[in-house]
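Remarks on the structure that follows.
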There are 2 protein chains.
Amino acid sequence: MDPRVLAVLGRGVVPLDLPLLRADDLGVSRGDGVFETMHVREGSAWLLGEHLSRMASSSARLDLALPDHTALADLVAAALQAWPSDREGTVKLVCTRGPEGEGPPTVYALVTPIALASLTQRRAGITVVTAPLGFTADARASAPWLLGGVKSLSYGVNMAALRWAAGQGCDDALFVSSDGEILEGPTSSVVWLDGETLCTVSLDTGILPGLTAAYLLDHAAEAGLTGEYRRGTVDDLLDSSGAWLCSSGRGIARITELDGKPLAPAPLTDTLREILGFAL
Amino acid sequence: MDPRVLAVLGRGVVPLDLPLLRADDLGVSRGDGVFETMHVREGSAWLLGEHLSRMASSSARLDLALPDHTALADLVAAALQAWPSDREGTVKLVCTRGPEGEGPPTVYALVTPIALASLTQRRAGITVVTAPLGFTADARASAPWLLGGVKSLSYGVNMAALRWAAGQGCDDALFVSSDGEILEGPTSSVVWLDGETLCTVSLDTGILPGLTAAYLLDHAAEAGLTGEYRRGTVDDLLDSSGAWLCSSGRGIARITELDGKPLAPAPLTDTLREILGFAL
């Protein structure tokens, strides 16, 4: 039996195998919409407020009419009421622009178990290959149509990068700029340890503001560290005392190899995962 | 009454207002799929074979299982059988990767009248603003994950560029590279006249191979011209004897202004439109 749970705005929980979107929904015909994926723990969506804030920012950038915070939080709660509270998962909240010329937005929440591959990678770490995005780290700041920092449904390039990485025998990809700066993974943020400083990439590079990474930096003191947003390079990761990709479902996964070169063993991995509240 | 017609692979014509796609269809959750838009004239899809070939190329680049040529052609024909043969329109053929982990692809054809704005622009021309894509004209050639030349459903950036252009008071946008080359419009190809040569942008820049533009160049002799793929700059357009954006629905629209600067009046516009078989 499919364990996933689907709840639709205004309708509550409905069967996932029934069609939901019209053929002319701009979410499918144009990849035009926004989404958030949250970790589900103890029956709740972790960092719900932060995710809804980021979704509102993404929507504003797309001139998309997002339902209000309360309606979205209620929708997530409705989906999670039908989900076993002792089961780890993710809840993906989607808002498309809706049918062409008509609206209203199509809004739903889908709860899914954590993929087995993600649990394995959380435990064993990941091999990563860099994928140049073609532009400089500053390009997106002055070109709002490039949607830097927007979590839109147009993830074709992100998915292609993951397929390309798999084709290279790697578990994940890391986008880099044409001027050699590290940016983000297709579905994750990069975090690295430089001495006693836990770093993630500055948001002025147009990356998505990673919420798992932000939580980790905010709580770095619990590991005896300080957190810092800064710009970095592949060499910074190779020279670090540990580097990780952080995301809502997989949590934190240590980068064991980057472009075929081994990274430091990162004994802090367990501590950081515990700070984030992810089980092994 | 909604004049649009929807046909679904394996089902034939179905009502458009009924939901078609599941919530977990990767076409919506990841913008993961391909599409083609064809001009409908005299009850047929113009350049059907060329569009199906391009769709097959796009699908191959995405490792997507596209139904065979005959099945897709039959689907388009089924949709057009329910469309008045004397009415101009477009037919959009969509193939998503289908529901997550399960497939099969979701495949449908949607016939739509030409938008009034498109007909006006075909007649009166368009004002255009350049939108830098951030990367060099060569960046996509060595980075297959950037999906240069792939007509994917992830059109979020394209739509954002059109909204941004409208916000600048312009009708359309023209993507340019960071090294100053003209590339393509968000939903069109650029064509310009240099003396007796009708030019469009070289495909090694990673643009989508425009089929309306290709047809025009192939038939340039009918206007006493030769056709040529070449690289160009904004100045080439400003210095040209005419420049146009070409696409399946709008056909050919003369660029009257680019970044606020007037372009040549382009007396050849009517001839080129007639070669393409678009009515005024």
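Naming scheme: A, B, ... for chains in displayed order of the structure tokens; residues 1 onward per chain; ligands 1 onward as shown.
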* Contact set, chain A to chain B: 8 Å, only C-alpha atoms, as JSON, numbers by chain -> {"A": [6, 16, 17, 18, 19, 20, 21, 22, 23, 24, 27, 28, 29, 30, 31, 32, 33, 62, 94, 108, 110, 131, 132, 133, 134, 135, 136, 139, 140, 143, 145, 146, 147, 152, 153, 154, 155, 156, 157, 158, 159, 160, 161, 164]}
* Asked: Among stretch 91-138 of chain A, which ones does DSSP place in strand (DSSP E or B), written as JSON, numbers by chain?
  -> {"A": [91, 92, 93, 94, 95, 96, 99, 107, 108, 109, 110, 111, 112, 113, 126, 127, 128, 129, 130, 131, 132, 135]}
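The two atoms in question, atom CA of B:Leu263 and atom CA of B:His39, are spaced 27.1 Å apart.
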* To do: List the neighbours of A:Gly89 out to 6 Å using only C-alpha atoms; skip same-chain residues closer than 2 positions along the sequence, and give me the result as a VMD selection string.
  => chain A and resid 40 112 to 114
Based on the selection just made, write N, CA and C atoms of those residues as a PDB file, in the first residue's frame.
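Output file result-v1.pdb is given in full below:
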```pdb
ATOM      1  N   VAL A  40       9.629  15.844   8.327  1.00  0.00           N
ATOM      2  CA  VAL A  40       8.528  15.478   9.228  1.00  0.00           C
ATOM      3  C   VAL A  40       9.097  14.636  10.363  1.00  0.00           C
ATOM      4  N   THR A 112       5.719  12.020   2.288  1.00  0.00           N
ATOM      5  CA  THR A 112       6.406  10.880   1.679  1.00  0.00           C
ATOM      6  C   THR A 112       7.436  10.341   2.670  1.00  0.00           C
ATOM      7  N   PRO A 113       7.613   9.023   2.739  1.00  0.00           N
ATOM      8  CA  PRO A 113       8.704   8.494   3.584  1.00  0.00           C
ATOM      9  C   PRO A 113      10.061   8.953   3.053  1.00  0.00           C
ATOM     10  N   ILE A 114      11.074   8.975   3.909  1.00  0.00           N
ATOM     11  CA  ILE A 114      12.432   9.279   3.448  1.00  0.00           C
ATOM     12  C   ILE A 114      12.904   8.127   2.553  1.00  0.00           C
TER      13      ILE A 114
END
```
* Contact residues around stretch 224-241 of chain A with only C-alpha atoms at 9 Å, ignoring same-chain residues under 4 positions, as an MDAnalysis selection string -> chainID A and resid 130 176 180:183 191:203 205 214 216:220 257:258 261:268
* Asked: Please, what distance in Å, to one decimal, runs between atom CA of A:Ala115 and atom CA of A:Val76?
  -> 19.9 Å
* Would you mind writing down, as a ChimeraX atom specification, each residue of stretch 60-217 of chain B that DSSP on the backbone assigns to alpha helix (DSSP H)? => /B:60-61,69-81,116-124,156-167,211-217
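Those residues that approach B:Leu245 to within 10 Å, counting only C-alpha atoms, are Arg122, Gly125, Ile126, Val128, Asp172, Ala173, Leu174, Glu184, Gly185, Thr187, Ser188, Ser189, Val190, Val191, Trp192, Thr200, Thr212, Ala213, Arg250, Gly251, Ile252, Ala253, Arg254 and Ile255 of chain B; same-chain residues fewer than 3 positions away are not listed.
Atom pair atom CA of B:Glu88 / atom CA of B:Thr120 has a distance of 14.3 Å (rounded to one decimal).
The residue that comes closest to A:Ala71, out of A:Pro186, A:Tyr215, A:Arg54, A:Gly12 and on the basis of only C-alpha atoms, is A:Gly12.
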